[in-house]
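Data first, discussion second: the structure below is written as structure tokens.
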Amino acid sequence: MLISYKWLKDYVDIEDITPEEIADRLTTGGVEVDALYRRAEPIEGCVVGYVTEAEKHPDADNLNICQVDQGAETVQIICGADNVAAGQKVVVAKPGTVLPGGMEIKATEIRGQESNGMICSLQELGVEAKLVPKHVAEGIFVFDENPDTGSDAVKALGWDDTVMDLDITPNRADCLNILGVAYEVAAQLDRAVQLPVTSVKESEKSASAAVNVKIENGEDTPYYGARIAENIQVKPSPYWMQNRLMAAGIRPISNVVDITNYVLLEYGQPLHAFDFDAFGSDEVLVRRAFEDEEIQTLDGNKHHLSTEHLVVTNGTKPTALAGVMGGEHSEVSDQTTNILLEAALFHPSLIRQASKDTRIRSDASVRYERGLDTERVEQAADRAAHLFAEYAGASVLQGIEQEDHREPGGRWVRVSDRRINQLLGMELSGSEMVRILERLGFQTADKETSSIEVYIPSRRPDIHIEEDVAEEIARMHGYQDIPSTLPKGATTAGSLTAEQKRKRTVRRFLESAGLSEAVTYSLTTASSASRFTLYPEKYTMEVSMPMSEDRRVLRQSLIPQLLEGVSYNRNRQTKDIALFEMGSVFLSEEANAAVQPEERIMLAAVVSGRWESHLWQGETKNTDFYVMKGIAEGILEELHVESRASFTLAERSDMHPGRTADIQLDGTTVGYVGQIHPTTAGDWDIAETYALQVDLTSLLQAVETPVRYQTLPRFPSTTRDIAIVVDESVPAAEVKEVIESAGGSTLYSTSLFDVYQGENLTPGKKSLAFTLVYLDPERTLTDEEVSSAHDQVLRMLEEKTGAELRQ
Amino acid sequence: MIERLEELQQEALQQIEEAGDTKQLEQVRVKYLGKKGPITEVLRGMGQLSKEERPVVGQKGNEVREAIQERLEKKTKTLADEALKEKLEKETLDVTLPGRKVQRGAKHPLTSVVEEIEDIFIGMGFEVTEGPEVETDYYNFEAMNLPKDHPARDMQDSFYVSSDLLLRTQTSPVQARSMERHHGEGPVKIICPGKVYRRDDDDATHSHQFMQIEGLMVDENIRMSDLKGVLETFVKKYFGEEREIRLRPSYFPFTEPSAELDVSCGICAGEGCRICKHTGWIEVLGCGMVHPRVLEMSGFDPDVYSGFAFGMGVERFSLLKYGIDDIRHFYTNDMRFLKQFTRV
Ligand SMILES: [Zn+2]
């Protein structure tokens, strides 16, 4: 909302207070002023000129040679505008002036004629093209009044003004008009509000005789009033009015339209002027639209309506989409002589619906949606009538023809000063509170011992309960006066839950392992949402009105967007990439589900490029399957579930068939690790990349009591190495399992230390070497005991895996 | 004989002194102390001596042996020291060459902010609570005092997935869910971090997905001054002891009274600069006293309980903390960006 300081001054005495101070008071009071614009700034140095002569340039038809009196001197100016003429008062930019577009005015010669300045159009003076009235858009600006020749143009234009840009919160719709802001400023300064003049000399003929208003449903339309103005002369409105509209960001059109807009800005009450002759009847019927009823609004667009929409009709045909926009058919034109002025209240949600469906957001609809002061409608109609008479030569018919279903707009709220103090943590006296409420213009009734009755006027529909009143008191008193205290209640111990702590532990582990955390979007394309998912049997969920195809479906897997991250980095010459992400995926039980999806936290990582690199020593190691597996094992260890996990070769779409392992926990698949299939990597235009994805929700639930101390062995251990040859298809994990089960209770640990294939071995065979440690915590093992256990291991290996002892 | 022994000692010591390596030294040892050495030979002739002379010469012999032995050991050590010194000199490295880098990943600058804020509030007795990202209209809006027709719903154009489900537009629904779990009994002291979604076009200052942290405290006799005190404590811990706060009236449907919290600008210390748009203050979060309707809907009696709530944008806190200029950096996962946060 743009508020002109000078306009505001009409309603509250702020002569002694600068716009900056007003802005500061408003902002600290909760009506935020986003910015201040000094209107004079762009055109400092321009003066009012009087065109004494204007004749055609002898060598150029489209130019005029003008003699312009600037008070102290008369100079010659060449002007290209068609509308320049002798006798006009105009705005002159003197040589040396820099206009808003950056153009510096210089004394020059145009086609052999000297030119000492420029006669300006509104655009040249910095008015946005969309705000410039059509009738002056093509030429220079000409004053309609008679400012002093040579005087400061800023003043003559009424631009010695500052415009405040207010950011109005949804509850303060009352500040979407100047009077509302005036009430706010008046309350802040403890001053009175001066209301606009609404008196109008009416003709004998009554409006009710000319038109009949009917409302179909009093809930949809609590009030509809019509004023009739006859013998109107449609022409441009006076410049001062146009100027105020432009300052508020509204383009002047004609006196009739400008007056409705002016009153809208003044009172916040939308008004609409119909051409009464084009209206087509002497009956106004406000009703729901019929299914598929058509209306052509005055922006030229056709709309198909439904029973969700409200229309103003002439008894048969819609003439306006109520509260949103008038119909083209009854639009006021230059030929209009009689008008029907609508001042009405419509239900906010109907207007919101219509505005949404027709995609029209008008100054009227915005205000209707947020709710109006229900007791201001007639005043606004009277104010417009007053202005019609004054500036459009109208003769206004007597009274307002209306139908009225309004409930009272104001309300009494009972508050307790003790409770308000308790809520705020302040110690204000009851009379201080009353004093503040009076400044706000809220009437208070006899203060009982502990409560105050407050009358909230209809202009403040946001205040209903004690807490609302408490806020008014606090903000008028000043939030800075609320003390800082700490809650008095019992102290509580805060902490992370065990799961939250573990999530942090896993993050720290991955970071110290060299992976950086990534955060990607939950919304992705339909094609990648379920790629790489651990739950292919679940359905995806998509948003009803996506902003783009790229952000359409909720992800079921974190990997696709991490691959996008890999690709993004590669395109920026970063080849060594190690990322992980922890985030939710969304799993639906059925297609197009209307119930909340299951949200599970996934942990995924992608690594590509070099894993270790120590350049000057010539040592680099590329990421491989085992790097990624090591990370997976580390995660399992961090969560104390490594002993219950196993890895098995798995086939998964988009993954390398020979280099992917499913991770099982107690036999259930909880994730996988492996190389991205080269074809898939090609889709993302990335090099060899490894990935892992685990269901962290499952892992976190599986975690049991972590570390228990185990007594350190007091007796020496015995170490034996074995090297065996097996078929290359026998998994190392299987061999290890055989060793562990055969080794008996004295086998303390088994670790693989060599894998070999190639020379000296039969093709299709591989050699595995393990170190076995034997230990009894109670005593020293004899050589014979160790040998007997070890022989058993060898026997079982031979039997179960076909292993041969390697020499 | 005594003279002969002294002569031998002199000779041996001389040769020890001249020995250049351990081998020569060994030769000297064998030559003089060996079983066939001259000292042994001299002592063998002791039988010819008188009973009185014998112990004297014997002792002299021992002394000579010991002196030679001692000198030998000393010389051995000297030689070893020299050899070691030489060896170590040969092992000298160029210590200016770079060390072997320990690979470290980075904390995401959003995570580090979330964790820091969590820790501050945990220190004040709060717990961390999370909730679903696909929410029902009821929890996201209605339980937050935003009925279907409420004008404030326009403030946050939402991604609906069905008529009743949407991607949550705020973390506030976790408030309602947590309060319900408390069955009308306080205190409730929680903070709720999480992702939220709004229909904004992604640009330098907007993102359709972003992170919020919501805080809630409900107990008997909670006052707005407590809100101010708790947030002041938080701000001083997070931004620094020298920073000041101010509350400005504002509007949120789920709080009444409502406020914006500004922190004095850390760049200009309140003097006014580009960062604070010349106001000296930076807006950091929204807060207020929990609306009685919200308490009531979540099962708390507003006549007994009151509370405060606050909500902040994690991106904004991160932008302010690290001076990041474009919100999109948080989501593109450029390694050059992320790696800058290895040490936070
Ligand atoms: Zn600053």
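The chains in the structure tokens are called A, B, ... from first to last as shown; in each chain the residues are counted from 1, and the ligands are counted from 1 in the order shown.
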
Using only C-alpha atoms and all ligand atoms, find each residue in chain B having at least one atom no more than 10 Å away from ligand 1; report its shortest atom-to-atom pair and that distance in Å (one decimal), rows by chain then rising number, as JSON lines.
{"residue": "B:Ser264", "atom": "CA", "partner": "ligand 1", "partner_atom_place_in_ligand_line": "1 (Zn)", "distance": 7.7}
{"residue": "B:Cys265", "atom": "CA", "partner": "ligand 1", "partner_atom_place_in_ligand_line": "1 (Zn)", "distance": 4.5}
{"residue": "B:Gly266", "atom": "CA", "partner": "ligand 1", "partner_atom_place_in_ligand_line": "1 (Zn)", "distance": 6.5}
{"residue": "B:Ile267", "atom": "CA", "partner": "ligand 1", "partner_atom_place_in_ligand_line": "1 (Zn)", "distance": 5.1}
{"residue": "B:Cys268", "atom": "CA", "partner": "ligand 1", "partner_atom_place_in_ligand_line": "1 (Zn)", "distance": 4.2}
{"residue": "B:Ala269", "atom": "CA", "partner": "ligand 1", "partner_atom_place_in_ligand_line": "1 (Zn)", "distance": 6.4}
{"residue": "B:Gly270", "atom": "CA", "partner": "ligand 1", "partner_atom_place_in_ligand_line": "1 (Zn)", "distance": 5.7}
{"residue": "B:Glu271", "atom": "CA", "partner": "ligand 1", "partner_atom_place_in_ligand_line": "1 (Zn)", "distance": 6.2}
{"residue": "B:Gly272", "atom": "CA", "partner": "ligand 1", "partner_atom_place_in_ligand_line": "1 (Zn)", "distance": 4.2}
{"residue": "B:Cys273", "atom": "CA", "partner": "ligand 1", "partner_atom_place_in_ligand_line": "1 (Zn)", "distance": 3.9}
{"residue": "B:Arg274", "atom": "CA", "partner": "ligand 1", "partner_atom_place_in_ligand_line": "1 (Zn)", "distance": 6.2}
{"residue": "B:Ile275", "atom": "CA", "partner": "ligand 1", "partner_atom_place_in_ligand_line": "1 (Zn)", "distance": 5.2}
{"residue": "B:Cys276", "atom": "CA", "partner": "ligand 1", "partner_atom_place_in_ligand_line": "1 (Zn)", "distance": 4.2}
{"residue": "B:Lys277", "atom": "CA", "partner": "ligand 1", "partner_atom_place_in_ligand_line": "1 (Zn)", "distance": 6.9}
{"residue": "B:His278", "atom": "CA", "partner": "ligand 1", "partner_atom_place_in_ligand_line": "1 (Zn)", "distance": 6.0}
{"residue": "B:Thr279", "atom": "CA", "partner": "ligand 1", "partner_atom_place_in_ligand_line": "1 (Zn)", "distance": 6.8}
{"residue": "B:Gly280", "atom": "CA", "partner": "ligand 1", "partner_atom_place_in_ligand_line": "1 (Zn)", "distance": 4.7}
{"residue": "B:Trp281", "atom": "CA", "partner": "ligand 1", "partner_atom_place_in_ligand_line": "1 (Zn)", "distance": 6.6}
{"residue": "B:Ile282", "atom": "CA", "partner": "ligand 1", "partner_atom_place_in_ligand_line": "1 (Zn)", "distance": 7.7}

**Q.** Neighbours of chain A in chain B at 6 Å, counting only C-alpha atoms, as a VMD selection string
**A.** chain B and resid 103 to 108 122 125 to 127 152 159 to 162 223 to 226 228 to 229 247 to 250 256 to 257 331 333 to 334

Please produce a file of the residues just selected, as a short mmCIF file (atom, residue, chain, number, x, y, z; two decimals), in the first residue's frame, where the atoms kept are N, CA, C and O atoms.
data_model
loop_
_atom_site.label_atom_id
_atom_site.label_comp_id
_atom_site.auth_asym_id
_atom_site.auth_seq_id
_atom_site.Cartn_x
_atom_site.Cartn_y
_atom_site.Cartn_z
N GLN B 103 41.88 -36.76 4.50
CA GLN B 103 40.64 -36.42 3.81
C GLN B 103 39.57 -36.06 4.83
O GLN B 103 39.32 -36.82 5.77
N ARG B 104 38.97 -34.91 4.61
CA ARG B 104 37.87 -34.56 5.50
C ARG B 104 36.70 -34.04 4.69
O ARG B 104 36.89 -33.26 3.76
N GLY B 105 35.53 -34.46 5.01
CA GLY B 105 34.34 -33.93 4.36
C GLY B 105 33.84 -32.74 5.16
O GLY B 105 34.37 -32.42 6.21
N ALA B 106 32.81 -32.09 4.65
CA ALA B 106 32.30 -30.89 5.30
C ALA B 106 30.89 -31.11 5.81
O ALA B 106 30.10 -31.83 5.22
N LYS B 107 30.62 -30.43 6.92
CA LYS B 107 29.25 -30.33 7.42
C LYS B 107 28.51 -29.40 6.47
O LYS B 107 29.05 -28.37 6.10
N HIS B 108 27.29 -29.73 6.14
CA HIS B 108 26.52 -28.81 5.30
C HIS B 108 26.22 -27.54 6.11
O HIS B 108 25.89 -27.64 7.30
N ILE B 122 18.81 -26.94 23.63
CA ILE B 122 18.93 -28.11 24.51
C ILE B 122 19.52 -27.64 25.85
O ILE B 122 19.06 -28.04 26.92
N GLY B 125 17.01 -26.51 28.13
CA GLY B 125 16.00 -27.47 28.56
C GLY B 125 14.99 -27.87 27.50
O GLY B 125 13.96 -28.45 27.82
N PHE B 126 15.26 -27.55 26.25
CA PHE B 126 14.33 -27.93 25.17
C PHE B 126 14.70 -29.30 24.62
O PHE B 126 15.83 -29.75 24.73
N GLU B 127 13.70 -29.93 23.99
CA GLU B 127 13.96 -31.17 23.28
C GLU B 127 13.74 -30.97 21.80
O GLU B 127 13.05 -30.04 21.39
N ALA B 152 -4.57 -15.31 5.51
CA ALA B 152 -3.13 -15.54 5.66
C ALA B 152 -2.68 -16.78 4.90
O ALA B 152 -1.50 -17.01 4.72
N PHE B 159 2.10 -26.51 -1.96
CA PHE B 159 2.08 -27.66 -2.86
C PHE B 159 1.12 -28.70 -2.28
O PHE B 159 1.47 -29.40 -1.33
N TYR B 160 -0.06 -28.80 -2.84
CA TYR B 160 -0.98 -29.84 -2.39
C TYR B 160 -0.71 -31.13 -3.16
O TYR B 160 -0.37 -31.08 -4.34
N VAL B 161 -0.86 -32.27 -2.49
CA VAL B 161 -0.78 -33.54 -3.20
C VAL B 161 -2.17 -34.18 -3.31
O VAL B 161 -2.40 -35.02 -4.16
N SER B 162 -3.08 -33.78 -2.43
CA SER B 162 -4.48 -34.16 -2.56
C SER B 162 -5.25 -33.05 -1.89
O SER B 162 -4.66 -32.10 -1.38
N ARG B 223 4.93 -15.88 30.12
CA ARG B 223 4.63 -14.50 29.77
C ARG B 223 5.40 -14.08 28.51
O ARG B 223 6.40 -14.69 28.17
N MET B 224 4.95 -13.00 27.90
CA MET B 224 5.65 -12.50 26.73
C MET B 224 7.06 -12.06 27.11
O MET B 224 7.98 -12.14 26.30
N SER B 225 7.22 -11.62 28.35
CA SER B 225 8.57 -11.23 28.78
C SER B 225 9.49 -12.45 28.83
O SER B 225 10.70 -12.33 28.62
N ASP B 226 8.92 -13.64 29.07
CA ASP B 226 9.73 -14.86 29.05
C ASP B 226 10.20 -15.16 27.62
O ASP B 226 11.33 -15.58 27.40
N LYS B 228 10.74 -12.95 25.40
CA LYS B 228 11.81 -12.01 25.12
C LYS B 228 13.12 -12.47 25.78
O LYS B 228 14.18 -12.44 25.16
N GLY B 229 13.02 -12.92 27.02
CA GLY B 229 14.21 -13.34 27.76
C GLY B 229 14.88 -14.55 27.14
O GLY B 229 16.10 -14.59 26.97
N LEU B 247 11.87 -6.30 19.68
CA LEU B 247 10.66 -6.93 19.18
C LEU B 247 9.83 -5.86 18.49
O LEU B 247 9.73 -4.74 18.96
N ARG B 248 9.24 -6.26 17.35
CA ARG B 248 8.34 -5.37 16.62
C ARG B 248 7.02 -6.09 16.45
O ARG B 248 7.00 -7.27 16.13
N PRO B 249 5.89 -5.38 16.64
CA PRO B 249 4.60 -6.04 16.47
C PRO B 249 4.47 -6.62 15.06
O PRO B 249 4.92 -6.01 14.10
N SER B 250 3.89 -7.79 14.96
CA SER B 250 3.68 -8.39 13.66
C SER B 250 2.43 -9.24 13.72
O SER B 250 1.62 -9.10 14.64
N GLU B 256 -0.65 -14.61 19.38
CA GLU B 256 -1.28 -13.33 19.70
C GLU B 256 -0.93 -12.97 21.13
O GLU B 256 -1.25 -13.74 22.02
N PRO B 257 -0.23 -11.91 21.40
CA PRO B 257 0.40 -11.00 20.45
C PRO B 257 1.52 -11.67 19.66
O PRO B 257 2.10 -12.64 20.13
N TYR B 331 21.64 -25.85 -2.24
CA TYR B 331 21.00 -27.02 -2.84
C TYR B 331 21.67 -27.53 -4.11
O TYR B 331 21.24 -28.54 -4.66
N ASN B 333 24.97 -28.25 -4.26
CA ASN B 333 25.99 -29.20 -3.81
C ASN B 333 27.28 -29.12 -4.62
O ASN B 333 27.86 -30.14 -4.99
N ASP B 334 27.71 -27.92 -4.89
CA ASP B 334 28.99 -27.68 -5.53
C ASP B 334 30.08 -27.96 -4.50
O ASP B 334 30.09 -27.38 -3.42
#

Q. If you run DSSP on this backbone, which residues of stretch 282-480 of chain A come out as alpha helix (DSSP H), and could you give them as an NGL selection string?
A. :A and (348-358 or 363-370 or 377-391 or 417-424 or 430-439 or 466-477)

Q: Do a neighbour search on stretch 49-58 of chain B at 8 Å with only C-alpha atoms, toss out local chain neighbours closer than 5 positions, and write the hits as a VMD selection string.
A: chain B and resid 1 to 2 43

Convert the current residue selection to file output with N, CA and C atoms, as a JSON list (two decimals), in the first residue's frame.
[["chain", "number", "residue", "atom", "x", "y", "z"],
["B", 1, "MET", "N", 108.10, -55.33, 35.62],
["B", 1, "MET", "CA", 106.83, -55.79, 35.03],
["B", 1, "MET", "C", 105.79, -54.70, 35.04],
["B", 2, "ILE", "N", 105.81, -54.00, 36.13],
["B", 2, "ILE", "CA", 104.86, -52.88, 36.23],
["B", 2, "ILE", "C", 105.08, -51.92, 35.08],
["B", 43, "LEU", "N", 101.34, -61.29, 32.64],
["B", 43, "LEU", "CA", 100.82, -61.78, 33.92],
["B", 43, "LEU", "C", 101.19, -63.25, 34.13]]

Q.
If you run DSSP on the backbone here, which positions in stretch 171-334 of chain B get strand (DSSP E or B)? Please write them as an MDAnalysis selection string.
A. chainID B and resid 188:197 209:220 245:252 255:264 281:290 305:313

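Residues in contact with stretch 73-84 of chain B at 9 Å, where only C-alpha atoms are counted and same-chain residues fewer than 2 positions away are skipped, are listed as Ile16, Glu17, Ala19, Gly20, Asp21, Thr22, Leu25, Ile68, Gln69, Glu70, Arg71, Glu86, Lys87, Leu88 and Glu89 of chain B.
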
Saved selection, atoms kept: all heavy atoms, as a compact mmCIF listing (two decimals), in the first residue's frame:
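After the write, part.txt holds the following:
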# COMPACT_ATOMS: atom_id res chain seq x y z
N ILE B 16 93.65 -47.28 20.48
CA ILE B 16 92.19 -47.05 20.56
C ILE B 16 91.87 -45.68 20.00
O ILE B 16 90.95 -45.51 19.19
CB ILE B 16 91.70 -47.17 22.02
CG1 ILE B 16 91.73 -48.64 22.45
CG2 ILE B 16 90.26 -46.63 22.16
CD1 ILE B 16 91.56 -48.85 23.93
N GLU B 17 92.69 -44.74 20.46
CA GLU B 17 92.47 -43.37 20.01
C GLU B 17 92.51 -43.27 18.49
O GLU B 17 91.71 -42.58 17.87
CB GLU B 17 93.52 -42.46 20.63
CG GLU B 17 93.09 -41.02 20.80
CD GLU B 17 91.75 -40.88 21.50
OE1 GLU B 17 91.56 -41.48 22.61
OE2 GLU B 17 90.86 -40.23 20.93
N ALA B 19 91.92 -45.66 16.30
CA ALA B 19 90.97 -46.51 15.57
C ALA B 19 89.89 -45.65 14.91
O ALA B 19 89.33 -44.77 15.55
CB ALA B 19 90.33 -47.52 16.49
N GLY B 20 89.59 -45.95 13.63
CA GLY B 20 88.62 -45.12 12.89
C GLY B 20 87.26 -45.76 12.80
O GLY B 20 86.28 -45.10 12.49
N ASP B 21 87.16 -47.07 13.04
CA ASP B 21 85.84 -47.70 12.98
C ASP B 21 85.79 -48.86 13.98
O ASP B 21 86.78 -49.19 14.63
CB ASP B 21 85.53 -48.18 11.57
CG ASP B 21 86.59 -49.12 11.03
OD1 ASP B 21 87.18 -49.88 11.82
OD2 ASP B 21 86.82 -49.08 9.80
N THR B 22 84.67 -49.51 14.08
CA THR B 22 84.46 -50.56 15.07
C THR B 22 85.35 -51.77 14.80
O THR B 22 85.75 -52.48 15.71
CB THR B 22 82.99 -51.00 15.12
OG1 THR B 22 82.54 -51.16 13.77
CG2 THR B 22 82.12 -50.00 15.84
N LEU B 25 88.75 -51.18 16.15
CA LEU B 25 88.62 -51.20 17.59
C LEU B 25 88.61 -52.64 18.12
O LEU B 25 89.26 -52.97 19.12
CB LEU B 25 87.31 -50.50 17.97
CG LEU B 25 87.31 -49.64 19.23
CD1 LEU B 25 88.45 -48.63 19.20
CD2 LEU B 25 85.98 -48.91 19.35
N ILE B 68 91.86 -50.12 29.73
CA ILE B 68 91.73 -50.34 28.29
C ILE B 68 90.26 -50.61 27.94
O ILE B 68 89.72 -50.05 26.99
CB ILE B 68 92.64 -51.51 27.83
CG1 ILE B 68 94.11 -51.12 28.01
CG2 ILE B 68 92.35 -51.88 26.38
CD1 ILE B 68 95.10 -52.26 27.80
N GLN B 69 89.66 -51.48 28.78
CA GLN B 69 88.25 -51.84 28.54
C GLN B 69 87.36 -50.58 28.52
O GLN B 69 86.55 -50.38 27.62
CB GLN B 69 87.78 -52.78 29.67
CG GLN B 69 86.37 -53.35 29.46
CD GLN B 69 86.31 -54.29 28.27
OE1 GLN B 69 87.28 -55.05 28.02
NE2 GLN B 69 85.23 -54.22 27.50
N GLU B 70 87.59 -49.75 29.53
CA GLU B 70 86.78 -48.54 29.66
C GLU B 70 86.93 -47.62 28.45
O GLU B 70 85.94 -47.14 27.87
CB GLU B 70 87.20 -47.79 30.93
CG GLU B 70 86.27 -46.68 31.30
CD GLU B 70 86.85 -45.87 32.50
OE1 GLU B 70 87.50 -46.50 33.35
OE2 GLU B 70 86.64 -44.64 32.52
N ARG B 71 88.23 -47.50 28.05
CA ARG B 71 88.47 -46.62 26.91
C ARG B 71 87.83 -47.19 25.64
O ARG B 71 87.31 -46.47 24.81
CB ARG B 71 89.99 -46.42 26.74
CG ARG B 71 90.34 -45.40 25.68
CD ARG B 71 89.88 -43.98 26.04
NE ARG B 71 90.47 -43.48 27.24
CZ ARG B 71 91.64 -42.78 27.26
NH1 ARG B 71 92.26 -42.48 26.16
NH2 ARG B 71 92.14 -42.37 28.41
N GLU B 86 75.75 -39.42 11.23
CA GLU B 86 75.95 -39.39 9.80
C GLU B 86 74.72 -39.95 9.07
O GLU B 86 74.24 -39.40 8.09
CB GLU B 86 77.19 -40.23 9.45
CG GLU B 86 77.77 -39.92 8.10
CD GLU B 86 78.99 -40.78 7.84
OE1 GLU B 86 79.68 -41.14 8.84
OE2 GLU B 86 79.24 -41.12 6.69
N LYS B 87 74.22 -41.07 9.64
CA LYS B 87 73.06 -41.72 9.03
C LYS B 87 71.86 -40.78 9.04
O LYS B 87 71.17 -40.61 8.03
CB LYS B 87 72.72 -42.98 9.84
CG LYS B 87 71.52 -43.75 9.33
CD LYS B 87 71.45 -45.13 9.99
CE LYS B 87 70.23 -45.90 9.57
NZ LYS B 87 69.02 -45.47 10.25
N LEU B 88 71.63 -40.15 10.18
CA LEU B 88 70.48 -39.26 10.29
C LEU B 88 70.61 -38.07 9.36
O LEU B 88 69.63 -37.62 8.77
CB LEU B 88 70.31 -38.78 11.74
CG LEU B 88 69.92 -39.87 12.74
CD1 LEU B 88 69.65 -39.24 14.10
CD2 LEU B 88 68.71 -40.65 12.28
N GLU B 89 71.84 -37.60 9.23
CA GLU B 89 72.05 -36.48 8.32
C GLU B 89 71.63 -36.85 6.90
O GLU B 89 71.04 -36.06 6.18
CB GLU B 89 73.52 -36.05 8.34
CG GLU B 89 73.72 -34.77 9.14
CD GLU B 89 75.18 -34.53 9.51
OE1 GLU B 89 76.05 -34.97 8.73
OE2 GLU B 89 75.41 -33.96 10.58

Q. Near A:Asn338, within 12 Å and counting only C-alpha atoms, which residues show up once chain neighbours fewer than 4 positions away are dropped, as number ranges by chain?
A. A: 210, 227-234, 256, 273-279, 330-334, 388, 392-397

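Pairwise distance (atom CA of A:Thr525, atom CA of A:Glu549) equals 5.9 Å.
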
Q) Pick from B:Leu72, B:Val263, B:Val28, B:Val64: nearest to B:Glu7, with only C-alpha atoms counted? A) B:Val64
